[in-house]
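Okay, start-v9.cif is below, mmCIF, C-alpha atoms:
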data_data
loop_
_atom_site.label_atom_id
_atom_site.label_comp_id
_atom_site.auth_asym_id
_atom_site.auth_seq_id
_atom_site.Cartn_x
_atom_site.Cartn_y
_atom_site.Cartn_z
CA MET A 1110 0.00 0.00 0.00
CA SER A 1111 1.00 3.55 -0.60
CA ARG A 1112 -0.59 6.93 -1.02
CA PHE A 1113 -0.80 6.47 -4.78
CA ILE A 1114 -3.79 6.21 -7.10
CA LEU A 1115 -3.10 4.94 -10.62
CA ALA A 1116 -4.64 6.99 -13.43
CA LEU A 1117 -5.44 4.51 -16.15
CA ASP A 1118 -6.04 6.12 -19.54
CA ARG A 1119 -5.23 2.98 -21.50
CA ALA A 1120 -5.39 -0.73 -20.80
CA ILE A 1121 -2.43 -2.63 -19.42
CA ASP A 1122 -2.16 -6.38 -19.03
CA SER A 1123 -4.00 -7.80 -16.07
CA ASP A 1124 -0.95 -9.49 -14.49
CA THR A 1125 0.86 -6.17 -14.36
CA LEU A 1126 -2.25 -4.43 -13.09
CA LYS A 1127 -2.67 -7.06 -10.38
CA GLU A 1128 0.89 -6.58 -9.19
CA LEU A 1129 0.49 -2.78 -9.28
CA SER A 1130 -2.78 -2.96 -7.36
CA ARG A 1131 -1.00 -4.47 -4.35
CA HIS A 1132 0.92 -1.23 -3.95
CA LEU A 1133 -1.88 1.23 -4.70
CA HIS A 1134 -4.70 2.78 -2.77
CA GLY A 1135 -6.91 2.86 -5.83
CA VAL A 1136 -7.38 3.33 -9.54
CA LYS A 1137 -8.77 6.25 -11.55
CA ILE A 1138 -10.46 5.40 -14.84
CA GLY A 1139 -10.24 8.04 -17.55
CA ILE A 1140 -12.38 8.74 -20.60
CA PRO A 1141 -9.76 7.56 -23.15
CA LEU A 1142 -9.75 4.08 -21.60
CA ILE A 1143 -13.55 3.91 -21.64
CA LEU A 1144 -13.60 4.91 -25.32
CA ASP A 1145 -10.99 2.24 -26.06
CA ILE A 1146 -12.53 -0.77 -24.40
CA GLY A 1147 -16.05 0.28 -23.47
CA VAL A 1148 -17.84 0.09 -20.14
CA ASP A 1149 -17.85 -3.73 -20.19
CA GLY A 1150 -14.15 -3.79 -21.00
CA VAL A 1151 -13.43 -1.57 -18.03
CA GLU A 1152 -15.45 -3.87 -15.79
CA ASP A 1153 -13.42 -6.86 -17.00
CA LEU A 1154 -10.15 -5.02 -16.48
CA LEU A 1155 -11.01 -3.95 -12.93
CA SER A 1156 -12.14 -7.43 -11.93
CA CYS A 1157 -8.50 -8.56 -11.80
CA CYS A 1158 -7.87 -6.93 -8.48
CA ARG A 1159 -9.03 -5.69 -5.14
CA TRP A 1160 -9.15 -1.91 -5.05
CA GLY A 1161 -9.34 0.40 -2.09
CA GLU A 1162 -11.19 2.84 -4.34
CA VAL A 1163 -12.32 2.93 -7.96
CA ILE A 1164 -12.68 6.50 -9.19
CA PHE A 1165 -14.33 7.32 -12.52
CA ASP A 1166 -12.72 10.48 -13.79
CA LEU A 1167 -15.10 11.72 -16.46
CA LYS A 1168 -14.42 15.33 -15.42
CA LEU A 1169 -18.18 15.81 -15.33
CA ALA A 1170 -19.04 19.38 -16.30
CA ASP A 1171 -22.57 19.52 -17.66
CA VAL A 1172 -26.17 20.06 -16.62
CA SER A 1173 -27.60 17.71 -13.95
CA SER A 1174 -29.59 15.50 -16.30
CA THR A 1175 -26.60 14.77 -18.53
CA MET A 1176 -24.26 14.09 -15.60
CA VAL A 1177 -26.80 11.79 -13.96
CA ALA A 1178 -27.37 9.97 -17.27
CA THR A 1179 -23.59 9.55 -17.56
CA VAL A 1180 -23.02 8.26 -14.04
CA SER A 1181 -25.99 5.88 -14.26
CA ARG A 1182 -24.03 3.91 -16.89
CA ILE A 1183 -21.03 3.23 -14.60
CA ARG A 1184 -22.54 3.38 -11.14
CA ASP A 1185 -22.12 -0.32 -10.33
CA MET A 1186 -18.36 -0.06 -10.77
CA ALA A 1187 -17.70 3.33 -9.22
CA ASP A 1188 -16.84 4.09 -5.62
CA SER A 1189 -16.32 7.71 -6.61
CA VAL A 1190 -16.66 10.13 -9.51
CA ILE A 1191 -14.98 13.45 -10.27
CA ALA A 1192 -16.86 16.57 -11.37
CA HIS A 1193 -15.78 20.16 -11.95
CA ALA A 1194 -16.82 22.66 -9.29
CA PHE A 1195 -16.97 25.61 -11.67
CA ILE A 1196 -20.24 24.53 -13.35
CA GLY A 1197 -22.10 25.76 -10.27
CA VAL A 1198 -24.78 24.39 -7.97
CA ALA A 1199 -28.29 24.97 -9.41
CA GLY A 1200 -29.16 22.70 -12.31
CA ALA A 1201 -25.73 21.09 -12.24
CA LEU A 1202 -23.99 19.89 -9.04
CA ASP A 1203 -27.19 19.89 -6.97
CA GLY A 1204 -28.84 17.15 -9.05
CA LEU A 1205 -25.63 15.18 -9.39
CA LYS A 1206 -24.99 15.21 -5.64
CA LEU A 1207 -28.53 14.02 -4.88
CA TYR A 1208 -28.16 11.14 -7.32
CA LEU A 1209 -24.75 10.13 -5.97
CA ASP A 1210 -25.93 10.27 -2.35
CA ASP A 1211 -28.89 8.06 -3.27
CA HIS A 1212 -26.54 5.50 -4.80
CA GLY A 1213 -23.75 5.63 -2.22
CA ILE A 1214 -21.16 7.04 -4.63
CA ASN A 1215 -18.59 9.58 -3.47
CA LEU A 1216 -18.16 12.91 -5.24
CA TYR A 1217 -14.83 14.67 -5.74
CA LEU A 1218 -14.89 18.27 -6.95
CA VAL A 1219 -12.01 19.83 -8.85
CA ALA A 1220 -10.70 22.77 -6.82
CA ALA A 1221 -7.61 23.22 -9.01
CA MET A 1222 -6.44 21.49 -12.16
CA SER A 1223 -2.73 20.76 -12.66
CA ASN A 1224 -2.06 22.61 -15.95
CA PRO A 1225 -0.07 25.89 -15.86
CA GLY A 1226 -2.90 27.81 -17.57
CA TRP A 1227 -5.32 27.10 -14.73
CA ASN A 1228 -6.01 30.47 -13.11
CA ALA A 1229 -5.72 29.24 -9.54
CA ASP A 1230 -5.36 32.66 -7.95
CA LEU A 1231 -8.59 33.84 -9.51
CA TYR A 1232 -10.60 30.63 -9.30
CA TYR A 1233 -9.91 29.28 -5.83
CA GLY A 1234 -12.12 31.74 -3.94
CA LEU A 1235 -15.00 31.22 -6.37
CA LEU A 1236 -14.79 27.46 -6.27
CA ARG A 1237 -14.43 27.33 -2.49
CA GLU A 1238 -17.95 28.70 -2.11
CA ILE A 1239 -19.40 26.10 -4.48
CA ILE A 1240 -17.49 23.34 -2.70
CA SER A 1241 -18.75 24.51 0.70
CA HIS A 1242 -22.30 24.46 -0.60
CA ILE A 1243 -22.13 20.98 -2.13
CA ASP A 1244 -20.05 19.41 0.68
CA PRO A 1245 -18.42 16.69 -1.45
CA TYR A 1246 -16.51 13.65 -0.20
CA GLY A 1247 -13.25 15.01 -1.54
CA LEU A 1248 -11.37 17.51 -3.66
CA VAL A 1249 -9.00 17.34 -6.59
CA VAL A 1250 -6.11 19.81 -6.37
CA GLY A 1251 -3.19 19.72 -8.82
CA ALA A 1252 0.20 18.85 -7.29
CA THR A 1253 1.59 21.69 -9.42
CA TYR A 1254 -0.29 24.14 -7.14
CA PRO A 1255 1.02 23.20 -3.67
CA ARG A 1256 -0.14 26.51 -2.20
CA TYR A 1257 -3.74 25.61 -3.06
CA ILE A 1258 -3.39 22.12 -1.64
CA GLY A 1259 -2.46 23.84 1.61
CA LEU A 1260 -5.38 26.27 1.37
CA ALA A 1261 -7.81 23.46 0.55
CA ARG A 1262 -6.53 21.41 3.50
CA ARG A 1263 -6.99 24.43 5.79
CA ASP A 1264 -10.46 25.27 4.41
CA PHE A 1265 -11.69 21.67 4.22
CA PRO A 1266 -9.82 19.79 6.95
CA ASP A 1267 -12.03 16.69 6.78
CA LYS A 1268 -12.04 16.15 3.00
CA VAL A 1269 -10.02 13.58 1.13
CA ILE A 1270 -7.73 15.50 -1.24
CA ILE A 1271 -6.37 13.71 -4.30
CA SER A 1272 -3.65 15.31 -6.34
CA PRO A 1273 -2.74 14.74 -10.00
CA GLY A 1274 0.33 16.13 -11.73
CA ILE A 1275 3.01 13.85 -10.23
CA GLY A 1276 5.69 12.62 -12.61
CA VAL A 1277 5.37 13.72 -16.26
CA GLN A 1278 3.60 16.94 -15.27
CA GLY A 1279 6.41 18.00 -12.97
CA ALA A 1280 5.62 17.43 -9.29
CA ASN A 1281 7.67 14.89 -7.32
CA PRO A 1282 6.31 11.97 -5.30
CA GLY A 1283 5.42 13.10 -1.79
CA ASP A 1284 5.25 16.82 -2.63
CA ALA A 1285 1.46 16.92 -2.64
CA VAL A 1286 1.07 14.78 0.48
CA CYS A 1287 3.51 17.05 2.32
CA SER A 1288 1.35 20.01 1.26
CA GLY A 1289 -1.78 18.39 2.65
CA ALA A 1290 -3.07 15.95 0.01
CA THR A 1291 -4.32 12.53 1.09
CA TYR A 1292 -3.36 10.66 -2.09
CA GLU A 1293 -1.25 11.37 -5.16
CA ILE A 1294 -2.36 10.37 -8.65
CA VAL A 1295 0.22 9.01 -11.05
CA GLY A 1296 -0.47 7.90 -14.61
CA ARG A 1297 1.91 8.11 -17.54
CA SER A 1298 5.03 7.59 -15.39
CA ILE A 1299 3.65 4.12 -14.66
CA TYR A 1300 1.61 2.93 -17.63
CA GLN A 1301 4.09 4.27 -20.18
CA SER A 1302 7.04 2.78 -18.30
CA ARG A 1303 8.87 -0.26 -19.65
CA ASP A 1304 8.62 -1.75 -16.19
CA PRO A 1305 5.52 -0.31 -14.52
CA VAL A 1306 5.92 -2.26 -11.28
CA GLU A 1307 9.54 -1.17 -10.76
CA SER A 1308 8.62 2.42 -11.63
CA LEU A 1309 5.82 2.39 -9.08
CA LYS A 1310 8.03 0.89 -6.38
CA SER A 1311 10.66 3.53 -7.02
CA MET A 1312 8.04 6.29 -6.79
CA ILE A 1313 6.71 4.80 -3.55
CA ASP A 1314 10.24 4.90 -2.10
CA GLN A 1315 10.55 8.55 -3.08
CA GLN A 1316 7.10 9.27 -1.65
CA ASN A 1317 7.92 7.60 1.67
CA ARG A 1318 11.28 9.37 1.96
CA LYS A 1319 9.67 12.72 1.25
CA ILE A 1320 6.84 12.16 3.72
CA ARG A 1321 9.24 11.12 6.50
CA ASN A 1322 11.12 14.36 6.00
CA CYS A 1323 8.25 16.78 5.69
CA SER A 1324 7.82 18.63 8.91
CA SER A 1325 4.11 18.22 9.57
CA GLY A 1326 0.69 18.46 8.09
CA VAL A 1327 0.53 14.99 6.56
CA SER A 1328 -3.15 14.11 6.55
CA ASP A 1329 -4.51 10.92 8.00
CA LEU A 1330 -5.61 8.18 5.67
CA SER A 1331 -9.36 7.90 5.43
CA MET B 1015 -33.34 22.01 -42.90
CA SER B 1016 -33.62 24.20 -39.88
CA ARG B 1017 -31.39 25.88 -37.36
CA PHE B 1018 -31.61 22.89 -35.03
CA ILE B 1019 -28.95 20.48 -33.85
CA LEU B 1020 -30.20 17.28 -32.19
CA ALA B 1021 -28.50 16.40 -28.90
CA LEU B 1022 -28.47 12.62 -28.80
CA ASP B 1023 -27.85 11.22 -25.33
CA ARG B 1024 -29.44 7.89 -26.05
CA ALA B 1025 -30.00 5.79 -29.16
CA ILE B 1026 -33.16 6.09 -31.21
CA ASP B 1027 -34.18 3.84 -34.08
CA SER B 1028 -32.44 4.60 -37.35
CA ASP B 1029 -35.62 5.16 -39.38
CA THR B 1030 -36.68 7.90 -36.99
CA LEU B 1031 -33.17 9.32 -36.93
CA LYS B 1032 -33.07 9.34 -40.73
CA GLU B 1033 -36.35 11.24 -40.92
CA LEU B 1034 -35.18 13.69 -38.23
CA SER B 1035 -31.86 14.24 -40.00
CA ARG B 1036 -33.65 15.70 -43.04
CA HIS B 1037 -34.82 18.59 -40.89
CA LEU B 1038 -31.65 19.15 -38.87
CA HIS B 1039 -28.41 20.97 -39.40
CA GLY B 1040 -26.50 18.43 -37.37
CA VAL B 1041 -26.25 16.06 -34.46
CA LYS B 1042 -24.48 16.35 -31.14
CA ILE B 1043 -23.28 13.10 -29.53
CA GLY B 1044 -23.19 13.05 -25.74
CA ILE B 1045 -21.21 10.94 -23.28
CA PRO B 1046 -24.23 8.89 -22.08
CA LEU B 1047 -24.82 7.61 -25.63
CA ILE B 1048 -21.15 6.68 -26.04
CA LEU B 1049 -21.21 4.78 -22.74
CA ASP B 1050 -24.39 2.98 -23.86
CA ILE B 1051 -23.36 1.77 -27.28
CA GLY B 1052 -19.62 2.40 -27.51
CA VAL B 1053 -17.63 4.25 -30.15
CA ASP B 1054 -18.42 1.61 -32.79
CA GLY B 1055 -22.11 1.75 -31.95
CA VAL B 1056 -22.11 5.52 -32.42
CA GLU B 1057 -20.42 5.10 -35.79
CA ASP B 1058 -23.12 2.63 -36.86
CA LEU B 1059 -25.89 4.91 -35.66
CA LEU B 1060 -24.53 7.96 -37.49
CA SER B 1061 -24.06 6.07 -40.73
CA CYS B 1062 -27.83 6.11 -41.29
CA CYS B 1063 -27.82 9.69 -42.46
CA ARG B 1064 -26.14 12.64 -44.04
CA TRP B 1065 -25.24 15.26 -41.47
CA GLY B 1066 -24.32 18.87 -41.96
CA GLU B 1067 -22.20 18.59 -38.81
CA VAL B 1068 -21.39 15.87 -36.29
CA ILE B 1069 -20.41 17.37 -32.95
CA PHE B 1070 -18.91 15.26 -30.17
CA ASP B 1071 -19.93 16.83 -26.91
CA LEU B 1072 -17.59 15.32 -24.36
CA LYS B 1073 -17.41 18.66 -22.50
CA LEU B 1074 -13.64 18.26 -22.54
CA ALA B 1075 -12.15 19.84 -19.43
CA ASP B 1076 -8.81 18.24 -18.69
CA VAL B 1077 -5.08 18.60 -19.34
CA SER B 1078 -3.95 18.58 -23.00
CA SER B 1079 -2.67 15.02 -23.07
CA THR B 1080 -5.93 13.57 -21.74
CA MET B 1081 -8.11 15.64 -24.08
CA VAL B 1082 -5.96 14.70 -27.09
CA ALA B 1083 -6.06 11.03 -26.07
CA THR B 1084 -9.85 11.31 -25.84
CA VAL B 1085 -10.38 13.02 -29.19
CA SER B 1086 -8.00 10.64 -30.96
CA ARG B 1087 -10.53 7.86 -30.31
CA ILE B 1088 -13.39 9.60 -32.14
CA ARG B 1089 -11.60 11.84 -34.63
CA ASP B 1090 -12.72 9.96 -37.76
CA MET B 1091 -16.37 10.61 -36.93
CA ALA B 1092 -16.17 14.15 -35.58
CA ASP B 1093 -16.52 17.37 -37.52
CA SER B 1094 -16.38 19.25 -34.24
CA VAL B 1095 -15.80 18.79 -30.51
CA ILE B 1096 -16.81 20.87 -27.50
CA ALA B 1097 -14.43 21.84 -24.70
CA HIS B 1098 -14.79 24.10 -21.68
CA ALA B 1099 -13.02 27.47 -21.91
CA PHE B 1100 -12.66 27.57 -18.14
CA ILE B 1101 -9.69 25.19 -18.00
CA GLY B 1102 -7.36 27.81 -19.51
CA VAL B 1103 -4.80 27.91 -22.28
CA ALA B 1104 -1.39 26.58 -21.18
CA GLY B 1105 -1.26 22.81 -20.79
CA ALA B 1106 -4.93 22.47 -21.68
CA LEU B 1107 -6.60 24.26 -24.63
CA ASP B 1108 -3.29 25.05 -26.38
CA GLY B 1109 -2.43 21.40 -26.97
CA LEU B 1110 -6.00 20.47 -27.83
CA LYS B 1111 -6.29 23.26 -30.42
CA LEU B 1112 -3.02 22.25 -32.10
CA TYR B 1113 -4.18 18.65 -32.37
CA LEU B 1114 -7.61 19.60 -33.73
CA ASP B 1115 -6.12 21.99 -36.28
CA ASP B 1116 -3.77 19.24 -37.45
CA HIS B 1117 -6.72 16.90 -37.96
CA GLY B 1118 -9.20 19.36 -39.44
CA ILE B 1119 -11.63 19.19 -36.53
CA ASN B 1120 -13.52 22.27 -35.34
CA LEU B 1121 -13.41 23.37 -31.72
CA TYR B 1122 -16.32 24.91 -29.84
CA LEU B 1123 -15.62 26.50 -26.47
CA VAL B 1124 -18.28 26.82 -23.76
CA ALA B 1125 -18.77 30.53 -23.04
CA ALA B 1126 -21.87 29.95 -20.90
CA MET B 1127 -23.64 26.80 -19.79
CA SER B 1128 -27.44 26.71 -19.63
CA ASN B 1129 -28.01 25.80 -15.95
CA PRO B 1130 -29.26 28.49 -13.53
CA GLY B 1131 -26.25 28.03 -11.22
CA TRP B 1132 -23.78 29.03 -13.95
CA ASN B 1133 -22.26 32.31 -12.77
CA ALA B 1134 -22.50 34.05 -16.15
CA ASP B 1135 -21.99 37.57 -14.82
CA LEU B 1136 -18.73 36.61 -13.18
CA TYR B 1137 -17.42 34.14 -15.75
CA TYR B 1138 -18.10 35.82 -19.09
CA GLY B 1139 -15.26 38.37 -18.89
CA LEU B 1140 -12.77 35.70 -17.80
CA LEU B 1141 -13.75 33.27 -20.50
CA ARG B 1142 -13.81 35.92 -23.22
CA GLU B 1143 -10.05 36.37 -22.84
CA ILE B 1144 -9.39 32.65 -23.11
CA ILE B 1145 -11.68 32.41 -26.14
CA SER B 1146 -9.91 35.33 -27.84
CA HIS B 1147 -6.57 33.66 -27.26
CA ILE B 1148 -7.59 30.24 -28.60
CA ASP B 1149 -9.70 31.56 -31.50
CA PRO B 1150 -12.02 28.55 -31.77
CA TYR B 1151 -14.42 27.76 -34.61
CA GLY B 1152 -17.43 28.42 -32.45
CA LEU B 1153 -18.93 29.02 -29.03
CA VAL B 1154 -21.53 27.34 -26.86
CA VAL B 1155 -23.82 29.78 -25.03
CA GLY B 1156 -26.89 28.60 -23.11
CA ALA B 1157 -30.22 29.79 -24.49
CA THR B 1158 -31.17 30.52 -20.90
CA TYR B 1159 -28.64 33.40 -20.94
CA PRO B 1160 -29.82 35.47 -23.95
CA ARG B 1161 -27.87 38.50 -22.75
CA TYR B 1162 -24.63 36.55 -23.10
CA ILE B 1163 -25.57 35.24 -26.53
CA GLY B 1164 -25.83 38.89 -27.54
CA LEU B 1165 -22.51 39.76 -25.91
CA ALA B 1166 -20.79 36.78 -27.51
CA ARG B 1167 -22.21 37.73 -30.92
CA ARG B 1168 -20.94 41.28 -30.45
CA ASP B 1169 -17.50 40.18 -29.19
CA PHE B 1170 -17.07 37.33 -31.70
CA PRO B 1171 -19.05 38.34 -34.79
CA ASP B 1172 -17.55 35.64 -37.04
CA LYS B 1173 -17.97 32.64 -34.74
CA VAL B 1174 -20.64 29.99 -35.04
CA ILE B 1175 -22.69 30.10 -31.83
CA ILE B 1176 -24.63 27.03 -30.80
CA SER B 1177 -27.13 27.24 -27.99
CA PRO B 1178 -28.46 24.48 -25.72
CA GLY B 1179 -31.30 24.86 -23.25
CA ILE B 1180 -34.25 24.91 -25.68
CA GLY B 1181 -37.32 22.93 -24.63
CA VAL B 1182 -37.12 21.08 -21.32
CA GLN B 1183 -34.63 23.60 -19.90
CA GLY B 1184 -36.95 26.51 -20.55
CA ALA B 1185 -35.99 28.55 -23.61
CA ASN B 1186 -38.34 28.62 -26.61
CA PRO B 1187 -37.45 27.75 -30.20
CA GLY B 1188 -36.05 30.80 -31.97
CA ASP B 1189 -35.18 32.71 -28.79
CA ALA B 1190 -31.45 32.00 -29.04
CA VAL B 1191 -31.27 32.66 -32.79
CA CYS B 1192 -33.01 35.99 -32.28
CA SER B 1193 -30.38 36.82 -29.64
CA GLY B 1194 -27.55 36.03 -32.04
CA ALA B 1195 -27.02 32.25 -31.99
CA THR B 1196 -26.42 30.41 -35.25
CA TYR B 1197 -28.01 27.10 -34.24
CA GLU B 1198 -30.19 25.88 -31.38
CA ILE B 1199 -29.62 22.53 -29.71
CA VAL B 1200 -32.61 20.44 -28.75
CA GLY B 1201 -32.49 17.07 -27.06
CA ARG B 1202 -35.00 15.62 -24.63
CA SER B 1203 -37.96 17.43 -26.25
CA ILE B 1204 -37.27 15.29 -29.32
CA TYR B 1205 -35.79 11.98 -28.24
CA GLN B 1206 -38.12 11.60 -25.25
CA SER B 1207 -41.15 12.51 -27.37
CA ARG B 1208 -43.71 9.88 -28.38
CA ASP B 1209 -43.47 11.23 -31.91
CA PRO B 1210 -40.00 12.75 -32.34
CA VAL B 1211 -40.53 13.76 -35.97
CA GLU B 1212 -43.77 15.61 -35.26
CA SER B 1213 -42.21 17.27 -32.20
CA LEU B 1214 -39.27 18.46 -34.27
CA LYS B 1215 -41.52 19.78 -37.04
CA SER B 1216 -43.59 21.68 -34.52
CA MET B 1217 -40.45 23.18 -32.97
CA ILE B 1218 -39.19 24.17 -36.42
CA ASP B 1219 -42.47 25.97 -37.07
CA GLN B 1220 -42.08 27.84 -33.80
CA GLN B 1221 -38.46 28.63 -34.59
CA ASN B 1222 -39.33 29.98 -38.04
CA ARG B 1223 -42.21 32.10 -36.71
CA LYS B 1224 -40.02 33.56 -34.01
CA ILE B 1225 -37.15 34.32 -36.40
CA ARG B 1226 -39.48 36.05 -38.89
CA ASN B 1227 -40.67 38.30 -36.11
CA CYS B 1228 -37.39 39.16 -34.44
CA SER B 1229 -36.32 42.58 -35.49
CA SER B 1230 -32.74 42.02 -36.56
CA GLY B 1231 -29.45 40.43 -35.63
CA VAL B 1232 -30.17 36.95 -36.98
CA SER B 1233 -26.76 35.59 -37.90
CA ASP B 1234 -25.96 34.14 -41.32
CA LEU B 1235 -25.69 30.40 -41.65
CA SER B 1236 -22.10 29.25 -42.00
#

Entire entry expressed as structure tokens:
Amino acid sequence: MSRFILALDRAIDSDTLKELSRHLHGVKIGIPLILDIGVDGVEDLLSCCRWGEVIFDLKLADVSSTMVATVSRIRDMADSVIAHAFIGVAGALDGLKLYLDDHGINLYLVAAMSNPGWNADLYYGLLREIISHIDPYGLVVGATYPRYIGLARRDFPDKVIISPGIGVQGANPGDAVCSGATYEIVGRSIYQSRDPVESLKSMIDQQNRKIRNCSSGVSDLS
Amino acid sequence: MSRFILALDRAIDSDTLKELSRHLHGVKIGIPLILDIGVDGVEDLLSCCRWGEVIFDLKLADVSSTMVATVSRIRDMADSVIAHAFIGVAGALDGLKLYLDDHGINLYLVAAMSNPGWNADLYYGLLREIISHIDPYGLVVGATYPRYIGLARRDFPDKVIISPGIGVQGANPGDAVCSGATYEIVGRSIYQSRDPVESLKSMIDQQNRKIRNCSSGVSDLS
């Protein structure tokens, strides 16, 4: 086990996935993988392993009816789904949250993406209000914006914070956890590696070293 | 022909779709339909008919690499795709736009959603700058925000503007075109109707009546 979630945007062989799963908290399923192998293919792929958490990352950002129609197609597989906070409450996140609560699925809201063009300084205050209103299970905050991981941890002390942007996108293993994230999301560094299992183990070592050395503020595991 | 685009979030029989297509500018494919019948199923469904425009509405809102990986799976079918402007330029829309330009696919950016919780007053100025920078083919502006259709038409006189929110969401046929939209998007009012073809014809009549009576500002068809 580690504080890593694997972002899976393409299929990998089930033996490798099984070995990886032993060292992961969970798996995050992206749209490209669903387009490749379909909903049934994803179900087959996931059945290889025991997962602490299966997150469907469709980056939901639409009106309620469309988001509910989307989630209804994958609800039996999903522990959690990710939606954007910026779409607002009425006619969007309100209906989605009701549906997810009814079906026992956790909602993560994106508080900050990981790309450099994300206007974190401008957006954070706006999105914080929407997040407070919806009261999701967790937040997504890019590892490339450590300051906002810290702010999100301060503003939402009880939320699970997951953080993409480790590896190819520039942040190092452990950086986000030391800033206040609960889990770090890693994708291409693993599934594009020649030896995914070794790459993951090496990243876990780095993550553990970093966490041991960060002064404080490491959040408890949920 | 009309100024309608059909939003298809679930499959309908191909005879009905063929009859509808004769009265439509184009079709917009949503995520729920793709999850239902897969990418190949969507290709089969679309092959029934000749379309002025096939728009894939995945509401893309992710980092460049994920959006490009997503679009690469449907690029042979898509004339156009829709992405959110909110995500910003660097590491998101920049990479997507390059890829789409390389493959001759049009990009629409969401300037305003149609749900009541969308903070149009706050967002429009922010998104206008991102839209100007990316210079997309077109914009999406909710029919429920006619003021912002007008502003978008004024600020981006040469862009195709498509407008969801007609029918179930509250706007009437022709309202958005009279405010400056090029096409109106209709979904549930048609595909949930007992007689989709009759419902569409009735909406086209309403749209035409409204357009004849609106004083000016009706945009040319592209």

Gap from CA of Asp1124 (chain A) to CA of Ser1311 (chain A) - Å, one decimal: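 About the pair CA of Asp1124 (chain A) and CA of Ser1311 (chain A): they are 19.0 Å apart.
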
What does the distance from CA of His1132 (chain A) to CA of Thr1291 (chain A) come to in Å, to one decimal?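 Going from CA of His1132 (chain A) over to CA of Thr1291 (chain A), I get 15.6 Å.
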
Interatomic distance (Å, one decimal) between CA of Leu1202 (chain A) and CA of Ile1176 (chain B): 22.9 Å

Residue contacts of Glu1212 (chain B) (12 Å, only C-alpha atoms) excluding same-chain residues fewer than 3 positions away, as a short mmCIF file (atom, residue, chain, number, x, y, z; two decimals) with C-alpha atoms, in the coordinates of the input:
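Heads up, here's the output in around_23.cif:
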data_model
loop_
_atom_site.label_atom_id
_atom_site.label_comp_id
_atom_site.auth_asym_id
_atom_site.auth_seq_id
_atom_site.Cartn_x
_atom_site.Cartn_y
_atom_site.Cartn_z
CA THR B 1030 -36.68 7.90 -36.99
CA GLU B 1033 -36.35 11.24 -40.92
CA LEU B 1034 -35.18 13.69 -38.23
CA HIS B 1037 -34.82 18.59 -40.89
CA SER B 1203 -37.96 17.43 -26.25
CA ILE B 1204 -37.27 15.29 -29.32
CA TYR B 1205 -35.79 11.98 -28.24
CA SER B 1207 -41.15 12.51 -27.37
CA ARG B 1208 -43.71 9.88 -28.38
CA ASP B 1209 -43.47 11.23 -31.91
CA LYS B 1215 -41.52 19.78 -37.04
CA SER B 1216 -43.59 21.68 -34.52
CA MET B 1217 -40.45 23.18 -32.97
CA ILE B 1218 -39.19 24.17 -36.42
CA ASP B 1219 -42.47 25.97 -37.07
#

Nearest residue to His1147 (chain B) from the set B:Lys1073, B:Arg1168, B:Lys1111, B:Arg1226 (distances using all atoms listed in the file): B:Lys1111

Cut-off 6 Å: closest chain B/chain A atom pairs per residue, using only C-alpha atoms, as a tab-separated table:
residue	atom	partner	partner_atom	distance
B:Pro1046	CA	A:Thr1179	CA	4.6
B:Gly1052	CA	A:Gly1147	CA	5.8
B:Ala1083	CA	A:Pro1141	CA	5.9
B:Thr1084	CA	A:Pro1141	CA	4.6
B:Ile1101	CA	A:Trp1227	CA	5.8
B:Gly1102	CA	A:Gly1226	CA	4.9
B:Val1103	CA	A:Gly1226	CA	5.1
B:Ala1104	CA	A:Gly1226	CA	4.1
B:Gly1105	CA	A:Asn1224	CA	4.9
B:Asn1129	CA	A:Gly1200	CA	4.9
B:Pro1130	CA	A:Ala1199	CA	5.5
B:Gly1131	CA	A:Ala1199	CA	4.1
B:Trp1132	CA	A:Gly1197	CA	5.2

If you keep C-alpha atoms, can you produce a file of those selected residues as a PDB file, keeping the file's coordinate frame?
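Wrote part.pdb, looks like this:
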ATOM      1  CA  PRO B1046     -24.230   8.890 -22.080  1.00  0.00           C
ATOM      2  CA  GLY B1052     -19.620   2.400 -27.510  1.00  0.00           C
ATOM      3  CA  ALA B1083      -6.060  11.030 -26.070  1.00  0.00           C
ATOM      4  CA  THR B1084      -9.850  11.310 -25.840  1.00  0.00           C
ATOM      5  CA  ILE B1101      -9.690  25.190 -18.000  1.00  0.00           C
ATOM      6  CA  GLY B1102      -7.360  27.810 -19.510  1.00  0.00           C
ATOM      7  CA  VAL B1103      -4.800  27.910 -22.280  1.00  0.00           C
ATOM      8  CA  ALA B1104      -1.390  26.580 -21.180  1.00  0.00           C
ATOM      9  CA  GLY B1105      -1.260  22.810 -20.790  1.00  0.00           C
ATOM     10  CA  ASN B1129     -28.010  25.800 -15.950  1.00  0.00           C
ATOM     11  CA  PRO B1130     -29.260  28.490 -13.530  1.00  0.00           C
ATOM     12  CA  GLY B1131     -26.250  28.030 -11.220  1.00  0.00           C
ATOM     13  CA  TRP B1132     -23.780  29.030 -13.950  1.00  0.00           C
TER      14      TRP B1132
END

Residues within 10 Å of Asp1090 (chain B), please, as number ranges by chain. Count only C-alpha atoms; anything in the same chain fewer than 6 positions from it doesn't count. B: 1057, 1117, 1119

Please write as number ranges by chain the full residue list that the PyMOL selection byres ((chain A and resi 1256) around 12) yields on this file. A: 1221, 1229-1230, 1233, 1250-1255, 1257-1263, 1284-1285, 1287-1290

Choose the residue, out of A:Pro1305, A:Gly1135, A:Gly1283, A:Pro1266, that has the smallest atom-to-atom separation from Ile1320 (chain A); count only C-alpha atoms. A:Gly1283

Selection dump of the PyMOL selection byres ((chain A and resi 1218) around 6), as number ranges by chain: A: 1191-1194, 1217, 1219, 1248-1249
